[in-house]
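Pasting structure30.pdb here (PDB, C-alpha atoms):
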ATOM      1  CA  MET A   1      62.627  13.327 -11.719  1.00  0.00           C
ATOM      2  CA  SER A   2      59.239  11.881 -10.890  1.00  0.00           C
ATOM      3  CA  LYS A   3      56.231  12.712 -12.914  1.00  0.00           C
ATOM      4  CA  LYS A   4      52.914  13.256 -11.257  1.00  0.00           C
ATOM      5  CA  GLN A   5      50.206  11.266 -12.926  1.00  0.00           C
ATOM      6  CA  PRO A   6      47.153  13.273 -13.793  1.00  0.00           C
ATOM      7  CA  LYS A   7      44.244  12.498 -11.523  1.00  0.00           C
ATOM      8  CA  LYS A   8      41.597  10.441 -13.255  1.00  0.00           C
ATOM      9  CA  GLU A   9      38.178  12.042 -13.596  1.00  0.00           C
ATOM     10  CA  GLY A  10      36.586   8.883 -12.215  1.00  0.00           C
ATOM     11  CA  SER A  11      38.565   9.047  -8.959  1.00  0.00           C
ATOM     12  CA  LYS A  12      36.130  11.505  -7.396  1.00  0.00           C
ATOM     13  CA  PHE A  13      33.531   8.785  -7.837  1.00  0.00           C
ATOM     14  CA  ASP A  14      35.408   6.102  -5.842  1.00  0.00           C
ATOM     15  CA  ARG A  15      33.338   3.793  -3.667  1.00  0.00           C
ATOM     16  CA  ASP A  16      35.095   5.178  -0.613  1.00  0.00           C
ATOM     17  CA  ASN A  17      34.276   8.788  -1.479  1.00  0.00           C
ATOM     18  CA  LEU A  18      30.830   9.052   0.088  1.00  0.00           C
ATOM     19  CA  GLY A  19      30.874  12.773   0.891  1.00  0.00           C
ATOM     20  CA  GLU A  20      28.221  13.833  -1.633  1.00  0.00           C
ATOM     21  CA  THR A  21      26.093  10.806  -0.834  1.00  0.00           C
ATOM     22  CA  LYS A  22      26.113  11.612   2.888  1.00  0.00           C
ATOM     23  CA  LYS A  23      25.302  15.290   2.204  1.00  0.00           C
ATOM     24  CA  PHE A  24      22.396  14.237  -0.011  1.00  0.00           C
ATOM     25  CA  LEU A  25      20.999  11.853   2.608  1.00  0.00           C
ATOM     26  CA  GLU A  26      21.374  14.421   5.401  1.00  0.00           C
ATOM     27  CA  LYS A  27      19.570  17.024   3.305  1.00  0.00           C
ATOM     28  CA  CYS A  28      16.687  14.596   2.719  1.00  0.00           C
ATOM     29  CA  LYS A  29      16.530  13.674   6.399  1.00  0.00           C
ATOM     30  CA  LYS A  30      16.587  17.304   7.606  1.00  0.00           C
ATOM     31  CA  GLU A  31      14.349  18.999   5.067  1.00  0.00           C
ATOM     32  CA  ILE A  32      11.657  16.403   4.405  1.00  0.00           C
ATOM     33  CA  ALA A  33       9.128  15.717   7.158  1.00  0.00           C
ATOM     34  CA  PHE A  34       8.334  12.038   7.785  1.00  0.00           C
ATOM     35  CA  CYS A  35      11.373  11.016   5.698  1.00  0.00           C
ATOM     36  CA  THR A  36      13.439   8.127   7.012  1.00  0.00           C
ATOM     37  CA  ILE A  37      16.653   6.607   5.729  1.00  0.00           C
ATOM     38  CA  ARG A  38      16.915   2.843   6.115  1.00  0.00           C
ATOM     39  CA  PRO A  39      20.129   0.940   5.383  1.00  0.00           C
ATOM     40  CA  VAL A  40      19.612  -2.317   3.463  1.00  0.00           C
ATOM     41  CA  LYS A  41      22.027  -5.152   2.753  1.00  0.00           C
ATOM     42  CA  THR A  42      23.462  -5.627  -0.712  1.00  0.00           C
ATOM     43  CA  SER A  43      24.841  -8.722  -2.392  1.00  0.00           C
ATOM     44  CA  LYS A  44      28.370  -7.646  -1.399  1.00  0.00           C
ATOM     45  CA  GLU A  45      29.175  -8.846   2.105  1.00  0.00           C
ATOM     46  CA  GLY A  46      29.207  -6.101   4.742  1.00  0.00           C
ATOM     47  CA  GLU A  47      27.941  -3.447   2.336  1.00  0.00           C
ATOM     48  CA  LEU A  48      24.807  -1.378   2.931  1.00  0.00           C
ATOM     49  CA  GLU A  49      22.816   0.872   0.634  1.00  0.00           C
ATOM     50  CA  ASN A  50      20.283   3.447   1.803  1.00  0.00           C
ATOM     51  CA  GLN A  51      16.585   3.536   1.054  1.00  0.00           C
ATOM     52  CA  ILE A  52      14.674   6.797   1.318  1.00  0.00           C
ATOM     53  CA  LEU A  53      11.225   6.174   2.774  1.00  0.00           C
ATOM     54  CA  PHE A  54       8.285   8.499   3.222  1.00  0.00           C
ATOM     55  CA  ARG A  55       5.642   7.254   5.664  1.00  0.00           C
ATOM     56  CA  ASN A  56       7.053   3.736   5.211  1.00  0.00           C
ATOM     57  CA  LYS A  57       6.709   3.894   1.419  1.00  0.00           C
ATOM     58  CA  LYS A  58       9.887   3.463  -0.599  1.00  0.00           C
ATOM     59  CA  VAL A  59      10.649   6.545  -2.684  1.00  0.00           C
ATOM     60  CA  ALA A  60      14.260   5.915  -3.742  1.00  0.00           C
ATOM     61  CA  GLN A  61      17.376   3.902  -3.053  1.00  0.00           C
ATOM     62  CA  ILE A  62      20.951   5.217  -3.086  1.00  0.00           C
ATOM     63  CA  CYS A  63      23.498   2.787  -4.526  1.00  0.00           C
ATOM     64  CA  PHE A  64      27.222   2.924  -5.223  1.00  0.00           C
ATOM     65  CA  SER A  65      28.382   3.983  -8.673  1.00  0.00           C
ATOM     66  CA  LYS A  66      31.745   4.033 -10.468  1.00  0.00           C
ATOM     67  CA  VAL A  67      30.704   6.758 -12.904  1.00  0.00           C
ATOM     68  CA  ALA A  68      28.780   9.146 -10.632  1.00  0.00           C
ATOM     69  CA  TYR A  69      28.578  10.251  -7.021  1.00  0.00           C
ATOM     70  CA  PHE A  70      25.854   7.664  -6.500  1.00  0.00           C
ATOM     71  CA  SER A  71      23.108   5.857  -8.374  1.00  0.00           C
ATOM     72  CA  LEU A  72      19.615   6.903  -7.384  1.00  0.00           C
ATOM     73  CA  TYR A  73      16.935   4.319  -8.042  1.00  0.00           C
ATOM     74  CA  GLN A  74      13.687   6.289  -8.208  1.00  0.00           C
ATOM     75  CA  PHE A  75      10.490   4.352  -7.513  1.00  0.00           C
ATOM     76  CA  GLY A  76       7.306   5.862  -8.857  1.00  0.00           C
ATOM     77  CA  ALA A  77       3.925   5.016 -10.292  1.00  0.00           C
ATOM     78  CA  THR A  78       5.484   4.422 -13.713  1.00  0.00           C
ATOM     79  CA  GLY A  79       8.176   2.085 -12.413  1.00  0.00           C
ATOM     80  CA  LYS A  80      11.840   2.372 -11.543  1.00  0.00           C
ATOM     81  CA  THR A  81      14.219   4.963 -13.012  1.00  0.00           C
ATOM     82  CA  ILE A  82      17.963   5.150 -12.408  1.00  0.00           C
ATOM     83  CA  VAL A  83      19.694   8.531 -12.204  1.00  0.00           C
ATOM     84  CA  LYS A  84      23.472   8.935 -11.856  1.00  0.00           C
ATOM     85  CA  PRO A  85      24.334  12.521 -10.846  1.00  0.00           C
ATOM     86  CA  THR A  86      27.856  13.644 -11.737  1.00  0.00           C
ATOM     87  CA  ASN A  87      27.597  17.331 -10.725  1.00  0.00           C
ATOM     88  CA  GLN A  88      25.753  19.497  -8.214  1.00  0.00           C
ATOM     89  CA  SER A  89      22.943  20.521 -10.578  1.00  0.00           C
ATOM     90  CA  GLU A  90      22.128  16.840 -11.250  1.00  0.00           C
ATOM     91  CA  ILE A  91      22.162  16.168  -7.495  1.00  0.00           C
ATOM     92  CA  ASP A  92      19.708  19.057  -7.055  1.00  0.00           C
ATOM     93  CA  GLU A  93      17.495  17.592  -9.794  1.00  0.00           C
ATOM     94  CA  ALA A  94      17.550  14.224  -7.995  1.00  0.00           C
ATOM     95  CA  TYR A  95      16.505  15.942  -4.766  1.00  0.00           C
ATOM     96  CA  ASP A  96      13.687  17.762  -6.583  1.00  0.00           C
ATOM     97  CA  TRP A  97      12.524  14.423  -7.999  1.00  0.00           C
ATOM     98  CA  ILE A  98      12.394  12.958  -4.481  1.00  0.00           C
ATOM     99  CA  ILE A  99      10.302  15.936  -3.353  1.00  0.00           C
ATOM    100  CA  SER A 100       7.875  15.400  -6.252  1.00  0.00           C
ATOM    101  CA  GLY A 101       7.728  11.649  -5.526  1.00  0.00           C
ATOM    102  CA  ILE A 102       6.854  12.375  -1.919  1.00  0.00           C
ATOM    103  CA  GLN A 103       4.225  14.874  -3.035  1.00  0.00           C
ATOM    104  CA  SER A 104       2.573  12.224  -5.213  1.00  0.00           C
ATOM    105  CA  ILE A 105       2.511   9.830  -2.233  1.00  0.00           C
ATOM    106  CA  GLU A 106       0.915  12.544  -0.074  1.00  0.00           C
ATOM    107  CA  ASP A 107      -1.644  13.254  -2.789  1.00  0.00           C
ATOM    108  CA  SER A 108      -2.602   9.591  -3.047  1.00  0.00           C
ATOM    109  CA  LEU A 109      -2.907   9.349   0.747  1.00  0.00           C
ATOM    110  CA  ASN A 110      -5.080  12.478   0.814  1.00  0.00           C
ATOM    111  CA  ASN A 111      -7.289  11.113  -1.971  1.00  0.00           C
ATOM    112  CA  LYS A 112      -7.846   7.926   0.010  1.00  0.00           C
ATOM    113  CA  GLU A 113      -8.844   9.974   3.058  1.00  0.00           C
ATOM    114  CA  GLN A 114     -11.179  12.177   1.024  1.00  0.00           C
ATOM    115  CA  LYS A 115     -13.090   9.307  -0.544  1.00  0.00           C
ATOM    116  CA  LYS A 116     -16.574   9.359   0.775  1.00  0.00           C
ATOM    117  CA  PRO A 117     -17.280   6.673   3.329  1.00  0.00           C
ATOM    118  CA  VAL A 118     -20.146   4.406   2.502  1.00  0.00           C
ATOM    119  CA  THR A 119     -23.210   5.981   3.985  1.00  0.00           C
ATOM    120  CA  LYS A 120     -26.236   4.020   4.931  1.00  0.00           C
ATOM    121  CA  LYS A 121     -29.412   4.912   3.196  1.00  0.00           C
ATOM    122  CA  PRO A 122     -31.877   6.623   5.480  1.00  0.00           C
ATOM    123  CA  LYS A 123     -34.669   4.394   6.608  1.00  0.00           C
ATOM    124  CA  LYS A 124     -37.936   4.935   4.864  1.00  0.00           C
ATOM    125  CA  ALA A 125     -40.518   6.562   6.994  1.00  0.00           C
ATOM    126  CA  SER A 126     -42.708   3.742   8.124  1.00  0.00           C
ATOM    127  CA  LYS A 127     -46.361   4.143   7.538  1.00  0.00           C
ATOM    128  CA  GLU A 128     -48.589   3.821  10.500  1.00  0.00           C
ATOM    129  CA  GLU A 129     -50.011   0.368  10.790  1.00  0.00           C
ATOM    130  CA  SER A 130     -53.661  -0.065  11.478  1.00  0.00           C
ATOM    131  CA  VAL A 131     -55.319  -2.859  13.381  1.00  0.00           C
ATOM    132  CA  GLU A 132     -56.483  -4.303  10.050  1.00  0.00           C
ATOM    133  CA  ASP A 133     -52.868  -4.414   8.812  1.00  0.00           C
ATOM    134  CA  LEU A 134     -51.804  -6.281  11.941  1.00  0.00           C
ATOM    135  CA  GLU A 135     -54.677  -8.753  11.611  1.00  0.00           C
ATOM    136  CA  LYS A 136     -53.652  -9.488   7.987  1.00  0.00           C
ATOM    137  CA  ARG A 137     -50.065 -10.050   9.080  1.00  0.00           C
ATOM    138  CA  ILE A 138     -51.237 -12.354  11.874  1.00  0.00           C
ATOM    139  CA  GLU A 139     -53.252 -14.435   9.365  1.00  0.00           C
ATOM    140  CA  ASN A 140     -50.091 -14.886   7.295  1.00  0.00           C
ATOM    141  CA  LEU A 141     -47.994 -15.954  10.290  1.00  0.00           C
ATOM    142  CA  SER A 142     -46.761 -19.517  10.232  1.00  0.00           C
ATOM    143  CA  PRO A 143     -48.107 -21.743  13.021  1.00  0.00           C
ATOM    144  CA  LYS A 144     -44.687 -21.767  14.707  1.00  0.00           C
ATOM    145  CA  SER A 145     -44.357 -17.967  14.796  1.00  0.00           C
ATOM    146  CA  ASN A 146     -45.366 -16.260  18.008  1.00  0.00           C
ATOM    147  CA  ALA A 147     -44.456 -12.623  17.368  1.00  0.00           C
ATOM    148  CA  LEU A 148     -44.633  -9.733  14.914  1.00  0.00           C
ATOM    149  CA  HIS A 149     -42.492  -6.635  14.780  1.00  0.00           C
ATOM    150  CA  VAL A 150     -44.564  -3.477  15.106  1.00  0.00           C
ATOM    151  CA  SER A 151     -42.896  -0.299  13.898  1.00  0.00           C
ATOM    152  CA  GLU A 152     -45.180   2.280  15.430  1.00  0.00           C
ATOM    153  CA  ILE A 153     -47.658   1.771  18.233  1.00  0.00           C
ATOM    154  CA  THR A 154     -50.813   3.836  18.066  1.00  0.00           C
ATOM    155  CA  ASP A 155     -53.613   4.215  20.616  1.00  0.00           C
ATOM    156  CA  GLU A 156     -55.817   2.133  18.319  1.00  0.00           C
ATOM    157  CA  ILE A 157     -53.300  -0.753  18.394  1.00  0.00           C
ATOM    158  CA  LEU A 158     -52.919  -0.478  22.190  1.00  0.00           C
ATOM    159  CA  SER A 159     -56.647  -0.810  22.773  1.00  0.00           C
ATOM    160  CA  TRP A 160     -56.842  -3.695  20.284  1.00  0.00           C
ATOM    161  CA  VAL A 161     -53.964  -5.542  22.019  1.00  0.00           C
ATOM    162  CA  GLU A 162     -55.787  -5.336  25.394  1.00  0.00           C
ATOM    163  CA  SER A 163     -58.814  -7.082  23.865  1.00  0.00           C
ATOM    164  CA  THR A 164     -56.857  -9.966  22.239  1.00  0.00           C
ATOM    165  CA  GLU A 165     -54.555 -12.795  23.286  1.00  0.00           C
ATOM    166  CA  TYR A 166     -51.494 -10.695  22.313  1.00  0.00           C
ATOM    167  CA  LYS A 167     -49.231  -8.487  24.385  1.00  0.00           C
ATOM    168  CA  LEU A 168     -46.616  -5.898  23.461  1.00  0.00           C
ATOM    169  CA  VAL A 169     -43.001  -6.582  24.409  1.00  0.00           C
ATOM    170  CA  ASP A 170     -40.203  -4.035  24.012  1.00  0.00           C
ATOM    171  CA  ASP A 171     -36.734  -5.621  24.025  1.00  0.00           C
ATOM    172  CA  GLY A 172     -35.114  -3.092  21.713  1.00  0.00           C
ATOM    173  CA  HIS A 173     -37.739  -3.949  19.103  1.00  0.00           C
ATOM    174  CA  THR A 174     -41.408  -3.625  19.712  1.00  0.00           C
ATOM    175  CA  LEU A 175     -42.959  -7.050  19.282  1.00  0.00           C
ATOM    176  CA  LEU A 176     -46.538  -8.180  19.312  1.00  0.00           C
ATOM    177  CA  VAL A 177     -46.367 -11.562  21.036  1.00  0.00           C
ATOM    178  CA  ARG A 178     -49.005 -14.291  21.126  1.00  0.00           C
ATOM    179  CA  THR A 179     -49.795 -15.292  24.709  1.00  0.00           C
ATOM    180  CA  GLU A 180     -51.554 -18.621  24.021  1.00  0.00           C
TER
END
Written as structure tokens, how would this file's structure read?
Amino acid sequence: MSKKQPKKEGSKFDRDNLGETKKFLEKCKKEIAFCTIRPVKTSKEGELENQILFRNKKVAQICFSKVAYFSLYQFGATGKTIVKPTNQSEIDEAYDWIISGIQSIEDSLNNKEQKKPVTKKPKKASKEESVEDLEKRIENLSPKSNALHVSEITDEILSWVESTEYKLVDDGHTLLVRTE
């Protein structure tokens, strides 16, 4: 008469029993937009573990476990947490954590997009220059300088330019150029 040995509780958590792990990964892949699963090498030759990525940011990593269906390394702002689900409700909690981790990544991406871009200060309205202002600026010119930038040309400045040795040149900037 042969006795049947009672099945060990840990046997449903064998390394070869990847049913729950595959279901979990498929659920993540199907239900989470922009979620990718990337296999990564482990220290054991020929063995791969799966990383769960959201928009190329690592959210979690699924590893083998002897005491649970899998070990879930959760990566968050506060660091790394390891969860080892042994029943369906714990697997559901792990999935909910992944959803919340992805939500925090989305929130941080949205906050970066919503930050105000650096805006340039509006230029001050330039005051109209008079002929006297231009003459003072010309007196202060160094001997090597041949031009002044003029912000706004008035009729008064135009008539003054015609009577002096200066001419106006517009090459994107209006310049008063010495013709000597």
If you apply the PyMOL selection byres ((chain A and resi 35) around 9) to this file, what residues do you get, as a PyMOL selection string? chain A and resi 28-34+36-37+52-56+102
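Once all atoms listed in the file are considered, the residues situated within 9 Å of the file point (26.7, 7.0, -14.1) turn out to be Ser65, Lys66, Val67, Ala68, Tyr69, Phe70, Ser71, Val83, Lys84, Pro85 and Thr86 of chain A.
For the pair CA of Lys112 in chain A and CA of Trp97 in chain A, the interatomic distance is 22.8 Å.
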I'd like the neighbourhood of Leu176 in chain A as a PDB file with C-alpha atoms, keeping the file's coordinate frame, where a residue qualifies if any of its atoms comes within 10 Å (using only C-alpha atoms), though same-chain residues fewer than 3 positions away should be ignored.
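Printed below is part_18.pdb as written:
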ATOM      1  CA  LEU A 134     -51.804  -6.281  11.941  1.00  0.00           C
ATOM      2  CA  ILE A 138     -51.237 -12.354  11.874  1.00  0.00           C
ATOM      3  CA  ASN A 146     -45.366 -16.260  18.008  1.00  0.00           C
ATOM      4  CA  ALA A 147     -44.456 -12.623  17.368  1.00  0.00           C
ATOM      5  CA  LEU A 148     -44.633  -9.733  14.914  1.00  0.00           C
ATOM      6  CA  HIS A 149     -42.492  -6.635  14.780  1.00  0.00           C
ATOM      7  CA  VAL A 150     -44.564  -3.477  15.106  1.00  0.00           C
ATOM      8  CA  VAL A 161     -53.964  -5.542  22.019  1.00  0.00           C
ATOM      9  CA  TYR A 166     -51.494 -10.695  22.313  1.00  0.00           C
ATOM     10  CA  LYS A 167     -49.231  -8.487  24.385  1.00  0.00           C
ATOM     11  CA  LEU A 168     -46.616  -5.898  23.461  1.00  0.00           C
ATOM     12  CA  VAL A 169     -43.001  -6.582  24.409  1.00  0.00           C
ATOM     13  CA  ASP A 170     -40.203  -4.035  24.012  1.00  0.00           C
ATOM     14  CA  HIS A 173     -37.739  -3.949  19.103  1.00  0.00           C
ATOM     15  CA  THR A 179     -49.795 -15.292  24.709  1.00  0.00           C
TER      16      THR A 179
END
Neighbour residues at most 12 Å from (18.8, -0.7, 7.7) (all atoms listed in the file) as number ranges by chain: A: 36-42, 47-53, 61
